[in-house]
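Data file: coords.cif. Format and content: mmCIF, C-alpha atoms.
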```cif
data_structure
loop_
_atom_site.group_PDB
_atom_site.id
_atom_site.type_symbol
_atom_site.label_atom_id
_atom_site.label_comp_id
_atom_site.auth_asym_id
_atom_site.auth_seq_id
_atom_site.Cartn_x
_atom_site.Cartn_y
_atom_site.Cartn_z
ATOM 1 C CA HIS U 1 -14.166 -11.217 1.582
ATOM 2 C CA GLN U 2 -12.725 -12.787 4.720
ATOM 3 C CA PRO U 3 -9.601 -11.087 6.054
ATOM 4 C CA THR U 4 -6.522 -13.270 5.979
ATOM 5 C CA LYS U 5 -4.359 -13.947 9.011
ATOM 6 C CA ALA U 6 -1.794 -11.552 7.568
ATOM 7 C CA GLU U 7 -4.397 -8.791 7.252
ATOM 8 C CA LYS U 8 -5.508 -9.276 10.825
ATOM 9 C CA LEU U 9 -1.906 -9.116 12.009
ATOM 10 C CA PHE U 10 -1.133 -5.952 10.015
ATOM 11 C CA GLN U 11 -4.313 -4.285 11.336
ATOM 12 C CA ILE U 12 -3.258 -5.050 14.923
ATOM 13 C CA LEU U 13 0.279 -3.810 14.293
ATOM 14 C CA LEU U 14 -1.080 -0.662 12.662
ATOM 15 C CA GLU U 15 -3.328 0.093 15.627
ATOM 16 C CA GLU U 16 -0.521 -0.398 18.145
ATOM 17 C CA GLU U 17 2.256 1.408 16.243
ATOM 18 C CA THR U 18 3.202 4.978 17.096
ATOM 19 C CA GLU U 19 5.975 5.603 14.524
ATOM 20 C CA GLU U 20 4.561 7.059 11.324
ATOM 21 C CA ASN U 21 7.056 5.396 8.986
ATOM 22 C CA LYS U 22 6.175 1.981 10.422
ATOM 23 C CA LYS U 23 2.471 2.747 10.035
ATOM 24 C CA ALA U 24 3.203 3.605 6.400
ATOM 25 C CA LEU U 25 4.865 0.201 5.995
ATOM 26 C CA PHE U 26 1.847 -1.597 7.476
ATOM 27 C CA TYR U 27 -0.527 0.308 5.180
ATOM 28 C CA GLY U 28 1.593 -0.905 2.276
ATOM 29 C CA CYS U 29 1.383 -4.471 3.575
ATOM 30 C CA LEU U 30 -2.395 -4.191 3.779
ATOM 31 C CA GLY U 31 -2.398 -2.893 0.215
ATOM 32 C CA THR U 32 -0.512 -5.997 -0.863
ATOM 33 C CA CYS U 33 -3.046 -8.223 0.879
ATOM 34 C CA LYS U 34 -5.867 -6.482 -0.988
ATOM 35 C CA LEU U 35 -3.995 -6.634 -4.314
ATOM 36 C CA GLN U 36 -3.602 -10.395 -3.919
ATOM 37 C CA GLN U 37 -7.348 -10.666 -3.216
ATOM 38 C CA LYS U 38 -8.070 -8.535 -6.298
ATOM 39 C CA GLU U 39 -9.798 -5.930 -4.110
ATOM 40 C CA TYR U 40 -8.261 -3.150 -6.140
ATOM 41 C CA GLU U 41 -10.080 -0.158 -4.665
ATOM 42 C CA LEU U 42 -8.994 -1.090 -1.151
ATOM 43 C CA ALA U 43 -5.460 -1.774 -2.378
ATOM 44 C CA ILE U 44 -5.353 1.705 -3.930
ATOM 45 C CA ASP U 45 -6.574 3.235 -0.675
ATOM 46 C CA PHE U 46 -3.957 1.469 1.434
ATOM 47 C CA TYR U 47 -1.074 2.186 -0.950
ATOM 48 C CA THR U 48 -2.123 5.827 -1.213
ATOM 49 C CA LYS U 49 -2.137 6.149 2.588
ATOM 50 C CA SER U 50 1.292 4.556 2.676
ATOM 51 C CA ILE U 51 2.668 6.934 0.042
ATOM 52 C CA ASP U 52 1.163 9.986 1.728
ATOM 53 C CA MET U 53 2.625 9.026 5.100
ATOM 54 C CA TYR U 54 6.081 8.346 3.662
ATOM 55 C CA ARG U 55 6.042 11.665 1.806
ATOM 56 C CA LYS U 56 5.107 13.525 4.964
ATOM 57 C CA HIS U 57 7.284 11.734 7.530
ATOM 58 C CA SER U 58 10.084 9.876 5.696
ATOM 59 C CA PRO U 59 10.451 11.150 2.113
ATOM 60 C CA LYS U 60 13.807 9.412 1.614
ATOM 61 C CA ASP U 61 12.600 6.007 2.840
ATOM 62 C CA PRO U 62 13.134 3.403 0.077
ATOM 63 C CA TYR U 63 9.720 1.923 0.813
ATOM 64 C CA LEU U 64 8.158 5.062 -0.673
ATOM 65 C CA ARG U 65 9.314 3.895 -4.103
ATOM 66 C CA ILE U 66 8.170 0.359 -3.361
ATOM 67 C CA SER U 67 4.679 1.582 -2.447
ATOM 68 C CA HIS U 68 4.558 3.534 -5.723
ATOM 69 C CA SER U 69 5.588 0.423 -7.635
ATOM 70 C CA HIS U 70 2.933 -1.684 -5.951
ATOM 71 C CA LEU U 71 0.309 0.982 -6.649
ATOM 72 C CA GLY U 72 1.413 0.839 -10.266
ATOM 73 C CA ASN U 73 0.811 -2.916 -10.165
ATOM 74 C CA VAL U 74 -2.767 -2.341 -9.034
ATOM 75 C CA TYR U 75 -3.418 0.014 -11.935
ATOM 76 C CA TYR U 76 -1.741 -2.430 -14.318
ATOM 77 C CA GLU U 77 -4.007 -5.248 -13.107
ATOM 78 C CA ARG U 78 -7.021 -3.009 -13.751
ATOM 79 C CA GLY U 79 -5.806 -2.257 -17.279
ATOM 80 C CA GLU U 80 -5.105 1.397 -16.406
ATOM 81 C CA TYR U 81 -1.691 1.456 -18.040
ATOM 82 C CA GLN U 82 -1.197 5.240 -18.032
ATOM 83 C CA ASN U 83 -1.801 5.381 -14.276
ATOM 84 C CA ALA U 84 0.513 2.412 -13.812
ATOM 85 C CA LEU U 85 3.296 4.199 -15.697
ATOM 86 C CA LEU U 86 2.981 7.253 -13.482
ATOM 87 C CA HIS U 87 3.792 5.156 -10.425
ATOM 88 C CA TYR U 88 6.550 3.124 -12.058
ATOM 89 C CA ARG U 89 8.604 6.269 -12.759
#
```
Encoding of this model in structure tokens:
Amino acid sequence: HQPTKAEKLFQILLEEETEENKKALFYGCLGTCKLQQKEYELAIDFYTKSIDMYRKHSPKDPYLRISHSHLGNVYYERGEYQNALLHYR
């Protein structure tokens, strides 16, 4: 699948960023790109990286919850409703 302009931009931003919480945000953005393309495995990978980075570097950042919600959306789209519920809580 061809990367979108948004994906290319987020990859560049990710490579140039030094702040971990901003990297976590860009991983989440890449996850959203992959979710929209229905590339669920890659979306899971990106959202998981985002969640892990937020937990480690900015556990109170509101985007941590947003990344969990988006990861839940991926599992919902795949019909994995139990996994989706875990991330919606």
| task | Compile the contact shell of U:Lys49 as a PyMOL selection string: residues with an atom at most 9 Å away, counting only C-alpha atoms, same-chain residues fewer than 3 positions apart removed. | result | chain U and resi 24+27-28+44-46+52-54
| request: For the structure provided, state which residues fall under the PyMOL selection byres ((chain U and resi 63) around 12), and present them as JSON, numbers by chain. | output: {"U": [21, 22, 23, 24, 25, 26, 27, 28, 29, 47, 50, 51, 52, 53, 54, 55, 58, 59, 60, 61, 62, 64, 65, 66, 67, 68, 69, 70]}
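With the shown file loaded, the PyMOL selection byres ((chain U and resi 75-79) around 12) picks out U:Leu35, U:Gln36, U:Gln37, U:Lys38, U:Glu39, U:Tyr40, U:Glu41, U:Ala43, U:Ile44, U:Tyr47, U:His68, U:Ser69, U:His70, U:Leu71, U:Gly72, U:Asn73, U:Val74, U:Glu80, U:Tyr81, U:Gln82, U:Asn83, U:Ala84, U:Leu85, U:Leu86, U:His87, U:Tyr88.
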| What is the atom CA of U:Lys56 to atom CA of U:Thr18 distance in Å? |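 One can read the atom CA of U:Lys56 to atom CA of U:Thr18 distance as 15.0 Å.
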